[in-house]
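Asks: File work.csv follows (CSV, C-alpha atoms):
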chain,number,residue,atom,x,y,z
A,26,MET,CA,59.1,44.5,-83.1
A,27,LYS,CA,57.5,41.1,-83.1
A,28,GLN,CA,58.6,40.5,-79.5
A,29,LEU,CA,57.0,43.8,-78.4
A,30,ASN,CA,53.7,42.9,-79.9
A,31,THR,CA,53.8,39.5,-78.1
A,32,LYS,CA,54.5,41.2,-74.8
A,33,TRP,CA,51.5,43.6,-75.3
A,34,PHE,CA,49.3,40.6,-76.2
A,35,PHE,CA,50.1,38.7,-73.0
A,36,LEU,CA,49.8,41.9,-70.9
A,37,VAL,CA,46.3,42.6,-72.2
A,38,LEU,CA,45.4,38.9,-71.7
A,39,ALA,CA,46.6,38.9,-68.1
A,40,LEU,CA,44.7,42.2,-67.4
A,41,GLY,CA,41.5,40.8,-68.8
A,42,ALA,CA,41.9,37.6,-66.7
A,43,LEU,CA,42.4,39.8,-63.5
A,44,LEU,CA,39.3,41.8,-64.3
A,45,THR,CA,37.2,38.7,-64.9
A,46,LEU,CA,38.3,37.2,-61.6
A,47,GLY,CA,37.5,40.4,-59.7
A,48,ALA,CA,34.0,40.5,-61.2
A,49,CYS,CA,33.3,36.9,-60.2
A,50,GLY,CA,34.4,37.5,-56.6
A,51,LYS,CA,31.9,40.3,-56.2
A,52,LYS,CA,28.8,38.4,-57.4
A,53,ALA,CA,25.8,38.6,-54.7
A,54,THR,CA,24.5,35.4,-53.0
A,55,PRO,CA,20.8,34.9,-53.8
A,56,PRO,CA,18.3,35.2,-50.7
A,57,PRO,CA,16.8,32.0,-49.2
A,58,PRO,CA,13.2,31.1,-50.2
A,59,PRO,CA,10.5,32.4,-47.8
A,60,PRO,CA,9.1,29.8,-45.2
A,61,PRO,CA,5.7,28.2,-46.1
A,62,HIS,CA,2.6,29.9,-44.5
A,63,ALA,CA,1.2,28.1,-41.4
A,64,PRO,CA,-2.4,27.0,-41.8
A,65,PRO,CA,-4.9,29.1,-39.8
A,66,ALA,CA,-6.1,27.7,-36.4
A,67,PRO,CA,-9.8,26.5,-36.2
A,68,THR,CA,-12.4,28.6,-34.5
A,69,ALA,CA,-15.4,27.2,-32.6
A,70,SER,CA,-18.5,28.4,-30.7
A,71,ILE,CA,-21.5,26.6,-29.4
A,72,ALA,CA,-24.7,27.9,-27.6
A,73,VAL,CA,-28.0,26.4,-26.3
A,74,ASN,CA,-31.2,28.4,-26.0
A,75,PRO,CA,-32.9,28.4,-23.6
A,76,ASN,CA,-30.2,27.2,-21.2
A,77,THR,CA,-32.7,26.0,-18.6
A,78,ILE,CA,-35.7,23.7,-19.4
A,79,GLN,CA,-38.0,21.3,-17.5
A,80,ALA,CA,-37.7,17.6,-18.2
A,81,GLY,CA,-39.6,16.8,-21.3
A,82,GLN,CA,-39.0,20.2,-22.9
A,83,SER,CA,-36.6,20.9,-25.8
A,84,ALA,CA,-33.8,23.5,-26.4
A,85,SER,CA,-32.0,24.5,-29.6
A,86,LEU,CA,-28.3,23.7,-29.8
A,87,THR,CA,-26.4,25.9,-32.3
A,88,TRP,CA,-22.7,25.8,-33.3
A,89,GLN,CA,-20.3,27.6,-35.7
A,90,THR,CA,-16.7,26.7,-36.6
A,91,GLY,CA,-14.1,27.9,-39.1
A,92,ASN,CA,-11.0,26.3,-40.6
A,93,ALA,CA,-12.1,22.9,-39.4
A,94,THR,CA,-12.4,19.7,-41.3
A,95,ASP,CA,-13.5,17.4,-38.4
A,96,VAL,CA,-16.2,18.7,-36.0
A,97,SER,CA,-17.9,16.6,-33.3
A,98,ILE,CA,-20.1,17.2,-30.2
A,99,ASP,CA,-20.1,14.8,-27.2
A,100,GLY,CA,-23.3,12.9,-27.0
A,101,ILE,CA,-24.2,13.7,-30.6
A,102,GLY,CA,-21.2,12.6,-32.7
A,103,ALA,CA,-19.8,14.1,-35.9
A,104,VAL,CA,-21.7,17.2,-37.2
A,105,GLN,CA,-21.4,19.7,-40.0
A,106,PRO,CA,-19.0,22.7,-39.4
A,107,ASN,CA,-22.1,24.9,-38.8
A,108,GLY,CA,-25.5,23.9,-37.8
A,109,SER,CA,-28.3,23.6,-35.2
A,110,GLN,CA,-30.2,20.8,-33.6
A,111,SER,CA,-33.1,20.3,-31.2
A,112,VAL,CA,-32.1,18.6,-27.9
A,113,SER,CA,-34.3,17.2,-25.1
A,114,PRO,CA,-32.1,15.5,-22.5
A,115,THR,CA,-33.6,14.1,-19.3
A,116,ASP,CA,-30.8,15.4,-17.1
A,117,SER,CA,-28.6,18.5,-17.1
A,118,MET,CA,-25.5,18.2,-19.4
A,119,THR,CA,-22.6,20.1,-20.9
A,120,TYR,CA,-22.3,19.9,-24.7
A,121,HIS,CA,-18.6,19.7,-25.6
A,122,LEU,CA,-17.6,20.6,-29.2
A,123,VAL,CA,-14.2,19.7,-30.7
A,124,ALA,CA,-13.2,21.3,-34.1
A,125,LYS,CA,-10.0,19.9,-35.8
A,126,GLY,CA,-8.2,21.3,-38.8
A,127,ALA,CA,-4.8,21.6,-40.4
A,128,GLY,CA,-4.1,24.5,-38.0
A,129,GLY,CA,-4.8,22.6,-34.8
A,130,THR,CA,-7.8,21.9,-32.5
A,131,GLN,CA,-10.3,24.3,-30.9
A,132,GLU,CA,-12.9,23.4,-28.2
A,133,ALA,CA,-16.1,25.0,-26.9
A,134,THR,CA,-18.8,24.1,-24.4
A,135,ALA,CA,-22.5,25.0,-23.6
A,136,ARG,CA,-24.4,24.0,-20.5
A,137,LEU,CA,-28.0,23.0,-20.5
A,138,THR,CA,-29.8,22.7,-17.1
A,139,VAL,CA,-32.7,20.4,-16.8
A,140,THR,CA,-35.1,20.8,-13.9
A,141,GLN,CA,-37.6,18.1,-12.9
A,142,ALA,CA,-41.2,19.1,-13.4
A,143,PRO,CA,-43.2,19.3,-10.1
A,144,PRO,CA,-45.4,16.3,-9.5
A,145,PRO,CA,-49.0,16.8,-10.6
A,146,PRO,CA,-51.4,17.8,-7.9
A,147,PRO,CA,-53.4,14.9,-6.4
A,148,PRO,CA,-56.7,14.4,-8.1
A,149,THR,CA,-59.5,16.3,-6.5
A,150,ALA,CA,-62.2,14.3,-5.0
A,151,ASN,CA,-65.5,14.6,-6.8
A,152,VAL,CA,-67.3,16.3,-4.0
A,153,THR,CA,-71.0,17.0,-4.8
A,154,ASP,CA,-73.0,19.9,-3.6
A,155,GLU,CA,-74.9,17.6,-1.4
A,156,ASP,CA,-71.7,16.4,0.2
A,157,LEU,CA,-70.6,20.0,0.8
A,158,PHE,CA,-74.0,20.8,2.3
A,159,SER,CA,-73.9,17.9,4.8
A,160,GLN,CA,-70.3,18.8,5.7
A,161,ASN,CA,-70.8,22.5,6.3
A,162,VAL,CA,-74.4,23.3,7.2
A,163,LYS,CA,-75.4,23.2,10.9
A,164,ASP,CA,-78.7,22.6,12.5
A,165,VAL,CA,-80.2,25.1,14.9
A,166,TYR,CA,-81.4,23.9,18.4
A,167,PHE,CA,-84.2,25.1,20.7
A,168,ASP,CA,-85.1,25.2,24.3
A,169,TYR,CA,-88.1,23.1,25.6
A,170,ASP,CA,-91.4,24.5,24.4
A,171,LYS,CA,-89.7,27.4,22.7
A,172,ALA,CA,-89.5,28.6,19.1
A,173,ASP,CA,-87.1,31.6,19.3
A,174,VAL,CA,-83.5,31.2,18.2
A,175,ARG,CA,-81.2,31.0,21.2
A,176,GLY,CA,-78.2,33.3,21.5
A,177,ASP,CA,-75.8,30.4,21.4
A,178,GLN,CA,-77.2,29.3,18.1
A,179,GLN,CA,-76.4,32.6,16.3
A,180,ALA,CA,-73.0,31.4,15.3
A,181,SER,CA,-74.6,28.5,13.5
A,182,ILE,CA,-77.0,30.9,11.7
A,183,GLN,CA,-74.1,33.1,10.6
A,184,ALA,CA,-72.0,30.1,9.4
A,185,ASP,CA,-74.9,28.7,7.4
A,186,ALA,CA,-75.7,32.1,5.9
A,187,GLN,CA,-72.0,32.5,4.8
A,188,PHE,CA,-72.0,29.1,3.2
A,189,PHE,CA,-75.2,29.7,1.3
A,190,SER,CA,-73.8,33.1,0.1
A,191,GLN,CA,-70.9,31.2,-1.4
A,192,HIS,CA,-73.1,28.5,-3.0
A,193,THR,CA,-76.0,30.5,-4.5
A,194,ASN,CA,-77.2,27.6,-6.6
A,195,MET,CA,-78.3,25.6,-3.5
A,196,ASN,CA,-81.8,25.4,-2.3
A,197,PHE,CA,-82.8,23.7,1.0
A,198,THR,CA,-85.6,22.8,3.3
A,199,ILE,CA,-85.8,23.6,7.0
A,200,GLU,CA,-87.5,20.8,9.0
A,201,GLY,CA,-89.0,21.7,12.4
A,202,HIS,CA,-88.6,18.9,15.0
A,203,CYS,CA,-89.7,18.5,18.7
A,204,ASP,CA,-89.2,16.1,21.5
A,205,GLU,CA,-91.7,13.5,22.4
A,206,ARG,CA,-93.5,15.4,25.1
A,207,GLY,CA,-96.9,17.0,24.3
A,208,SER,CA,-99.5,16.1,21.8
A,209,THR,CA,-98.9,15.4,18.1
A,210,GLU,CA,-100.9,18.5,17.1
A,211,TYR,CA,-99.1,20.8,19.5
A,212,ASN,CA,-95.7,19.6,18.4
A,213,LEU,CA,-96.6,20.0,14.7
A,214,ALA,CA,-97.5,23.6,15.3
A,215,LEU,CA,-94.3,24.1,17.5
A,216,GLY,CA,-92.2,22.5,14.8
A,217,ASP,CA,-93.6,24.8,12.2
A,218,GLN,CA,-92.8,27.8,14.3
A,219,ARG,CA,-89.2,26.6,14.8
A,220,ALA,CA,-88.7,26.1,11.0
A,221,SER,CA,-90.1,29.5,10.4
A,222,ALA,CA,-87.8,31.1,13.0
A,223,VAL,CA,-84.7,29.6,11.4
A,224,LYS,CA,-85.8,30.8,8.0
A,225,THR,CA,-86.4,34.3,9.3
A,226,ALA,CA,-82.9,34.3,10.9
A,227,LEU,CA,-81.2,33.2,7.7
A,228,THR,CA,-83.1,35.7,5.5
A,229,ALA,CA,-82.1,38.4,7.9
A,230,ALA,CA,-78.5,37.3,7.4
A,231,GLY,CA,-78.8,37.7,3.7
A,232,VAL,CA,-80.1,34.3,2.3
A,233,SER,CA,-82.9,34.7,-0.2
A,234,ALA,CA,-86.2,33.5,1.1
A,235,SER,CA,-87.0,32.0,-2.3
A,236,ARG,CA,-84.3,29.4,-1.7
A,237,ILE,CA,-85.9,28.1,1.5
A,238,LYS,CA,-88.8,25.8,2.1
A,239,THR,CA,-90.2,24.8,5.6
A,240,ILE,CA,-91.9,21.8,6.9
A,241,SER,CA,-92.8,20.5,10.4
A,242,TYR,CA,-92.5,16.9,11.5
A,243,GLY,CA,-93.3,17.7,15.2
A,244,LYS,CA,-92.3,14.6,17.2
A,245,GLU,CA,-92.8,12.1,14.4
A,246,LYS,CA,-89.2,11.8,13.2
A,247,PRO,CA,-86.9,11.9,16.3
A,248,PHE,CA,-83.1,11.8,16.0
A,249,CYS,CA,-82.8,10.1,19.4
A,250,THR,CA,-85.4,7.7,20.9
A,251,GLU,CA,-84.3,7.7,24.6
A,252,SER,CA,-86.5,9.4,27.1
A,253,ASN,CA,-84.0,11.8,28.8
A,254,GLU,CA,-83.0,15.4,28.5
A,255,ALA,CA,-79.9,14.8,26.4
A,256,CYS,CA,-81.9,12.9,23.9
A,257,TRP,CA,-84.8,15.4,23.9
A,258,GLN,CA,-82.3,18.3,23.3
A,259,GLN,CA,-81.2,16.6,20.1
A,260,ASN,CA,-84.8,16.4,18.9
A,261,ARG,CA,-85.6,20.1,19.5
A,262,ARG,CA,-84.2,21.5,16.3
A,263,GLY,CA,-84.5,23.2,12.9
A,264,HIS,CA,-82.9,20.6,10.6
A,265,LEU,CA,-81.6,21.9,7.3
A,266,VAL,CA,-81.9,19.5,4.3
A,267,TYR,CA,-80.4,19.8,0.8
A,268,GLN,CA,-82.9,20.0,-2.0
A,269,LYS,CA,-82.0,17.9,-5.0
So that I can check it, write out the structure of this file as structure tokens.
Replies:
Amino acid sequence: MKQLNTKWFFLVLALGALLTLGACGKKATPPPPPPPHAPPAPTASIAVNPNTIQAGQSASLTWQTGNATDVSIDGIGAVQPNGSQSVSPTDSMTYHLVAKGAGGTQEATARLTVTQAPPPPPPTANVTDEDLFSQNVKDVYFDYDKADVRGDQQASIQADAQFFSQHTNMNFTIEGHCDERGSTEYNLALGDQRASAVKTALTAAGVSASRIKTISYGKEKPFCTESNEACWQQNRRGHLVYQK
């Protein structure tokens, strides 16, 4: 009986050992730990407004970055991750931004075109009304012993009238002149007739008579002193003079 109990004891012990070994063989292997998360890549953008300026003008440079710890712009240096700055280059240039972070590097560019300002216009000469008058107003010439305006002098009359219509602040005197032939009294009268004839022609062309004075010098103030027809022709005239 004692031997039978001993057999059962060892049988139960062996069976328990087998069950324990079977359970240990079926235990699951734990899963590996997940890989660490990669840091996000940086983002970067840069813009300039306006993108075209004249030399001497300014533009606004604006930039934005994300996930960056080191941001720089060529020609400016290190900058804050986000910001703006006024720029005024003398020549066209491209602004190159570099953003660096744990996740890598990102770049962006913005182009600013600089045009050269046109040269200033040359200074205008200080031309006086009197200068304009002498440069543009023409005298009116007459035939010998005549006081009527010749047909070939009508172009001078019209040109003078147009000039005076554009310069309404100018007043002037018409001097009547004659050549040396004839008496002083006769030529004074003829000179007066010639000055009046020019005044009449100009008023007919639209010039106000209130702007015009007349005077006769006859043969007393010749423009040419030689005694020949070419010289006499120069002296037979209605001479227009600017009134200061």
Asks: If you measure from CA of Thr130 in chain A to CA of Ile71 in chain A, what distance in Å do you get, rounded to one decimal?
Replies: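 Between these atoms lies a distance of 14.8 Å.
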Asks: Using all atoms of range 87-94 of chain A that appear in the file, construct an axis-aligned enclosing box with 8 Å of padding on every side and provide its centre coordinates and edge lengths in Å, rounded to one decimal, as JSON.
Replies:
{"center_x": -18.7, "center_y": 23.8, "center_z": -36.8, "size_x": 31.4, "size_y": 24.2, "size_z": 25.0}
Asks: Got a sec: who's within 10 Å of Ser159 in chain A, counting all atoms listed in the file, leaving out chain neighbours fewer than 4 positions off, as a list in words?
Replies: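 The residues that qualify are Asp154, Glu155, Lys163, Leu265, Val266 and Tyr267 of chain A.
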Asks: For Leu137 in chain A, list every protein, DNA or RNA residue within 6 Å, evaluated using all atoms listed in the file, and leave out those in the same chain fewer than 5 positions away; present the list as a PyMOL selection string.
Replies: chain A and resi 76-77+117-118
Asks: Show me the residues close to (-30.5, 29.8, -21.0) - anything with an atom within 10 Å, counting only C-alpha atoms - and format the list as a list in words.
Replies: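 Output: Ala72, Val73, Asn74, Pro75, Asn76, Thr77, Ile78, Ala84, Ala135, Arg136, Leu137 and Thr138 of chain A.
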Asks: Between CA of Glu205 in chain A and CA of Gln218 in chain A, what is the distance in Å, rounded to a tenth?
Replies: 16.5 Å
Asks: So how many Å separate CA of Arg262 in chain A and CA of Ala184 in chain A, to one decimal?
Replies: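 Interatomic distance, CA of Arg262 in chain A to CA of Ala184 in chain A: 16.4 Å.
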Asks: Name all residues at most 12 Å from Gln131 in chain A (count all atoms listed in the file; drop same-chain ones fewer than 4 positions away) and give them as a JSON list (two decimals) with C-alpha atoms, in the coordinates of the input.
Replies:
[["chain", "number", "residue", "atom", "x", "y", "z"],
["A", 65, "PRO", "CA", -4.90, 29.10, -39.80],
["A", 66, "ALA", "CA", -6.10, 27.70, -36.40],
["A", 67, "PRO", "CA", -9.80, 26.50, -36.20],
["A", 68, "THR", "CA", -12.40, 28.60, -34.50],
["A", 69, "ALA", "CA", -15.40, 27.20, -32.60],
["A", 70, "SER", "CA", -18.50, 28.40, -30.70],
["A", 71, "ILE", "CA", -21.50, 26.60, -29.40],
["A", 89, "GLN", "CA", -20.30, 27.60, -35.70],
["A", 90, "THR", "CA", -16.70, 26.70, -36.60],
["A", 91, "GLY", "CA", -14.10, 27.90, -39.10],
["A", 92, "ASN", "CA", -11.00, 26.30, -40.60],
["A", 93, "ALA", "CA", -12.10, 22.90, -39.40],
["A", 94, "THR", "CA", -12.40, 19.70, -41.30],
["A", 95, "ASP", "CA", -13.50, 17.40, -38.40],
["A", 96, "VAL", "CA", -16.20, 18.70, -36.00],
["A", 97, "SER", "CA", -17.90, 16.60, -33.30],
["A", 121, "HIS", "CA", -18.60, 19.70, -25.60],
["A", 122, "LEU", "CA", -17.60, 20.60, -29.20],
["A", 123, "VAL", "CA", -14.20, 19.70, -30.70],
["A", 124, "ALA", "CA", -13.20, 21.30, -34.10],
["A", 125, "LYS", "CA", -10.00, 19.90, -35.80],
["A", 126, "GLY", "CA", -8.20, 21.30, -38.80],
["A", 127, "ALA", "CA", -4.80, 21.60, -40.40]]
Asks: Of the residues A:Cys249, A:His192, A:Thr140, A:Trp88, which is the one nearest to Leu157 in chain A, using all atoms listed in the file?
Replies: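 Between A:Cys249, A:His192, A:Thr140, A:Trp88, the residue approaching Leu157 in chain A most closely is A:His192.
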Asks: Could you list as number ranges by chain every residue that has an atom within 8 Å of (-81.8, 20.8, 25.9), using the file's coordinates and counting all atoms listed in the file?
Replies: A: 167-169, 254-255, 257-259, 261
Asks: Can you pull out every residue within 7 Å of Asn212 in chain A, counting all atoms listed in the file, but drop anything in the same chain fewer than 4 positions away, and send it as a list of chain:residue names?
Replies: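 Listed by chain and then number, they are A:Cys203, A:Gly207, A:Ser208, A:Gly216, A:Gly243, A:Lys244.
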Asks: How about saving the chosen residues, C-alpha atoms kept, as an mmCIF file, in the coordinates of the input?
Replies:
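This is the output file out.cif:
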data_model
loop_
_atom_site.group_PDB
_atom_site.id
_atom_site.type_symbol
_atom_site.label_atom_id
_atom_site.label_comp_id
_atom_site.auth_asym_id
_atom_site.auth_seq_id
_atom_site.Cartn_x
_atom_site.Cartn_y
_atom_site.Cartn_z
ATOM 1 C CA CYS A 203 -89.700 18.500 18.700
ATOM 2 C CA GLY A 207 -96.900 17.000 24.300
ATOM 3 C CA SER A 208 -99.500 16.100 21.800
ATOM 4 C CA GLY A 216 -92.200 22.500 14.800
ATOM 5 C CA GLY A 243 -93.300 17.700 15.200
ATOM 6 C CA LYS A 244 -92.300 14.600 17.200
#
Asks: Calculated over all atoms listed in the file, which of the candidates A:Ser233, A:Ser241, A:Gln82, A:Ser190 has the smallest distance to Val139 in chain A?
Replies: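 So, comparing all the options, the nearest one is A:Gln82.
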Asks: Would you please work out which residue, of A:Asn151, A:Ser85, A:Thr115, A:Ser235, is nearest to Phe197 in chain A when using all atoms listed in the file?
Replies: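 Between A:Asn151, A:Ser85, A:Thr115, A:Ser235, the residue approaching Phe197 in chain A most closely is A:Ser235.
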